[in-house]
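Okay, so here's the structure we're looking at.
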Amino acid sequence: MRKGQVLTGLFAATALVAGVAVSAIGGAGAPDGASPQTVAANAVDESKWPGRTPESGLVKGLSLPVEKYLVGYTDVVEWQRAQRDLWVGCMARFGFDSFNPPVPGTEPPIEFNDANMPRRYGASDATEASRYGYHLPPAQQNEPPVWEPASGAEGAVFLGDGPEVEGGTYNGVTVPEGGCRGETERRLGALVPGDEASKVNASSMTQSLQQPAVQDAIADWAACMKDKGHPFDDPYKPAAGFDLTTPTASSEEIEVAEADVACKSETGLIKVWYGEETAIQNKEIAARKTALDAELSRRNAVKAAAQRVNSEGSDK
């Protein structure tokens, strides 16, 4: 990604400025009487959307306190749908009636978790370890499909930059600053976690590793791994020892990953670690509550704006 192109912040369903990577189905081939937007919306299967908490493995159902201040997949899709609706409505004012960015939510990731709970404490799912080692599941490795506005007038009006909008107008109509993209950003705002929430999310991990209970549990895990023939003293080191850019995991990687998860289960490492980090986050959140609540209020205002667009339409 080129610097300055990210619209959606830190999320899995990212949107780029000149190239928009969103979950998509194509706009072509709509049946007679049905718009591409309607066809795409009908293709969304929300039952396949990832939940807020992990659904399997040793972290099944676990959620850290800071996640209240982070963002879920449903929030992102709702925001992206409103963004797309505003884009389409704006572009229609300039005669681009066939402007049809992909509809978000049609190709959801397997996981979506801002706290990275499935892998926050290293490998945690025995089934995934036996299939993929430390690799992500294949469906999770895929980049979202990339969409771009057409070159020429369409792209110029969308971005607010190009020879077609010299003088700030297109066909006699004033183009908003930053084009339809800029107008949408100003109306909708950005749905991103605040700095305070991100600090808590990161610092609690650093602090948790320094807790005696966690260090003791890691030592037990290391002893277990050594007994299984894999001498590691750090739960993050096993994955770092393999090339995770290869298409599939080697048999050795799978063997180590299986032992890793088994030792975490036998020693209760994740239970101890999660408990210590939860306590740390509760203290951090209490100390930063005013700032965190302000961030949450701003994020909720963006969510409310997205909900209004989605329920009322982009022209209201």
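Ordering of the structure tokens sets the chain letters (A, B, ...), residue numbers begin anew at 1 in every chain, and ligands are numbered from 1 in the order given.
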Show me, as a list in words, the residues that have an atom within 10 Å of A:Gly268 when counting only C-alpha atoms, minus same-chain residues fewer than 2 positions from it.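 So the residues in contact are Leu58, Ala217, Ile218, Asp220, Trp221, Ala262, Cys263, Lys264, Ser265, Glu266, Ile270, Lys271, Val272 and Trp273 of chain A.
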Based on the selection just made, write N, CA and C atoms of those residues as an mmCIF file, in the first residue's frame.
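The result, stored in selection_38.cif:
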data_model
loop_
_atom_site.group_PDB
_atom_site.id
_atom_site.type_symbol
_atom_site.label_atom_id
_atom_site.label_comp_id
_atom_site.auth_asym_id
_atom_site.auth_seq_id
_atom_site.Cartn_x
_atom_site.Cartn_y
_atom_site.Cartn_z
ATOM 1 N N LEU A 58 -7.923 -22.595 22.021
ATOM 2 C CA LEU A 58 -7.755 -22.292 23.441
ATOM 3 C C LEU A 58 -8.231 -20.894 23.806
ATOM 4 N N ALA A 217 4.448 -19.600 33.902
ATOM 5 C CA ALA A 217 3.679 -20.414 32.954
ATOM 6 C C ALA A 217 4.461 -20.631 31.665
ATOM 7 N N ILE A 218 5.197 -19.603 31.221
ATOM 8 C CA ILE A 218 6.032 -19.763 30.021
ATOM 9 C C ILE A 218 7.153 -20.768 30.290
ATOM 10 N N ASP A 220 6.982 -23.305 32.291
ATOM 11 C CA ASP A 220 6.346 -24.631 32.244
ATOM 12 C C ASP A 220 6.118 -25.057 30.795
ATOM 13 N N TRP A 221 5.654 -24.101 29.979
ATOM 14 C CA TRP A 221 5.449 -24.392 28.558
ATOM 15 C C TRP A 221 6.780 -24.778 27.897
ATOM 16 N N ALA A 262 -0.335 -28.004 22.125
ATOM 17 C CA ALA A 262 -0.542 -29.035 23.145
ATOM 18 C C ALA A 262 0.079 -28.619 24.473
ATOM 19 N N CYS A 263 1.266 -28.039 24.422
ATOM 20 C CA CYS A 263 1.926 -27.602 25.657
ATOM 21 C C CYS A 263 1.207 -26.414 26.290
ATOM 22 N N LYS A 264 0.657 -25.549 25.481
ATOM 23 C CA LYS A 264 -0.141 -24.455 26.041
ATOM 24 C C LYS A 264 -1.371 -25.004 26.758
ATOM 25 N N SER A 265 -1.947 -26.031 26.176
ATOM 26 C CA SER A 265 -3.112 -26.647 26.815
ATOM 27 C C SER A 265 -2.725 -27.358 28.111
ATOM 28 N N GLU A 266 -1.648 -28.110 28.074
ATOM 29 C CA GLU A 266 -1.222 -28.891 29.240
ATOM 30 C C GLU A 266 -0.796 -28.006 30.408
ATOM 31 N N ILE A 270 -2.140 -20.053 28.291
ATOM 32 C CA ILE A 270 -3.007 -18.994 27.772
ATOM 33 C C ILE A 270 -3.990 -18.529 28.840
ATOM 34 N N LYS A 271 -4.505 -19.444 29.633
ATOM 35 C CA LYS A 271 -5.433 -19.056 30.706
ATOM 36 C C LYS A 271 -4.753 -18.103 31.681
ATOM 37 N N VAL A 272 -3.531 -18.424 32.069
ATOM 38 C CA VAL A 272 -2.785 -17.566 32.998
ATOM 39 C C VAL A 272 -2.476 -16.221 32.347
ATOM 40 N N TRP A 273 -1.969 -16.265 31.131
ATOM 41 C CA TRP A 273 -1.566 -15.061 30.413
ATOM 42 C C TRP A 273 -2.753 -14.133 30.202
#
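The interatomic distance for the pair atom CA of A:Leu70 and atom CA of A:Pro193 works out to 5.3 Å.
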Residues of stretch 47-136 of chain A within 12 Å of stretch 168-175 of chain A: nearest atom pair and distance (Å, one decimal) for each, counting only C-alpha atoms, sorted by chain and number, as a tab-separated table?
residue	atom	partner	partner_atom	distance
A:Cys90	CA	A:Val175	CA	9.5
A:Met91	CA	A:Val175	CA	9.8
A:Ala92	CA	A:Val173	CA	11.7
A:Arg93	CA	A:Val173	CA	8.4
A:Phe94	CA	A:Val173	CA	7.1
A:Gly95	CA	A:Asn171	CA	9.2
A:Phe96	CA	A:Tyr170	CA	11.4
Could you check which of A:Gly105, A:Pro118, A:Gly178, A:Gly275 is closest to A:Ser47, using only C-alpha atoms?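 Looking at the shortest contact to A:Ser47, the residue is A:Gly105.
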Determine, counting only C-alpha atoms, which protein, DNA and RNA residues have an atom within 9 Å of an atom of A:Arg84; residues of the same chain fewer than 5 positions away are not included. Present the result as a PyMOL selection string. chain A and resi 79+89+100-104+184
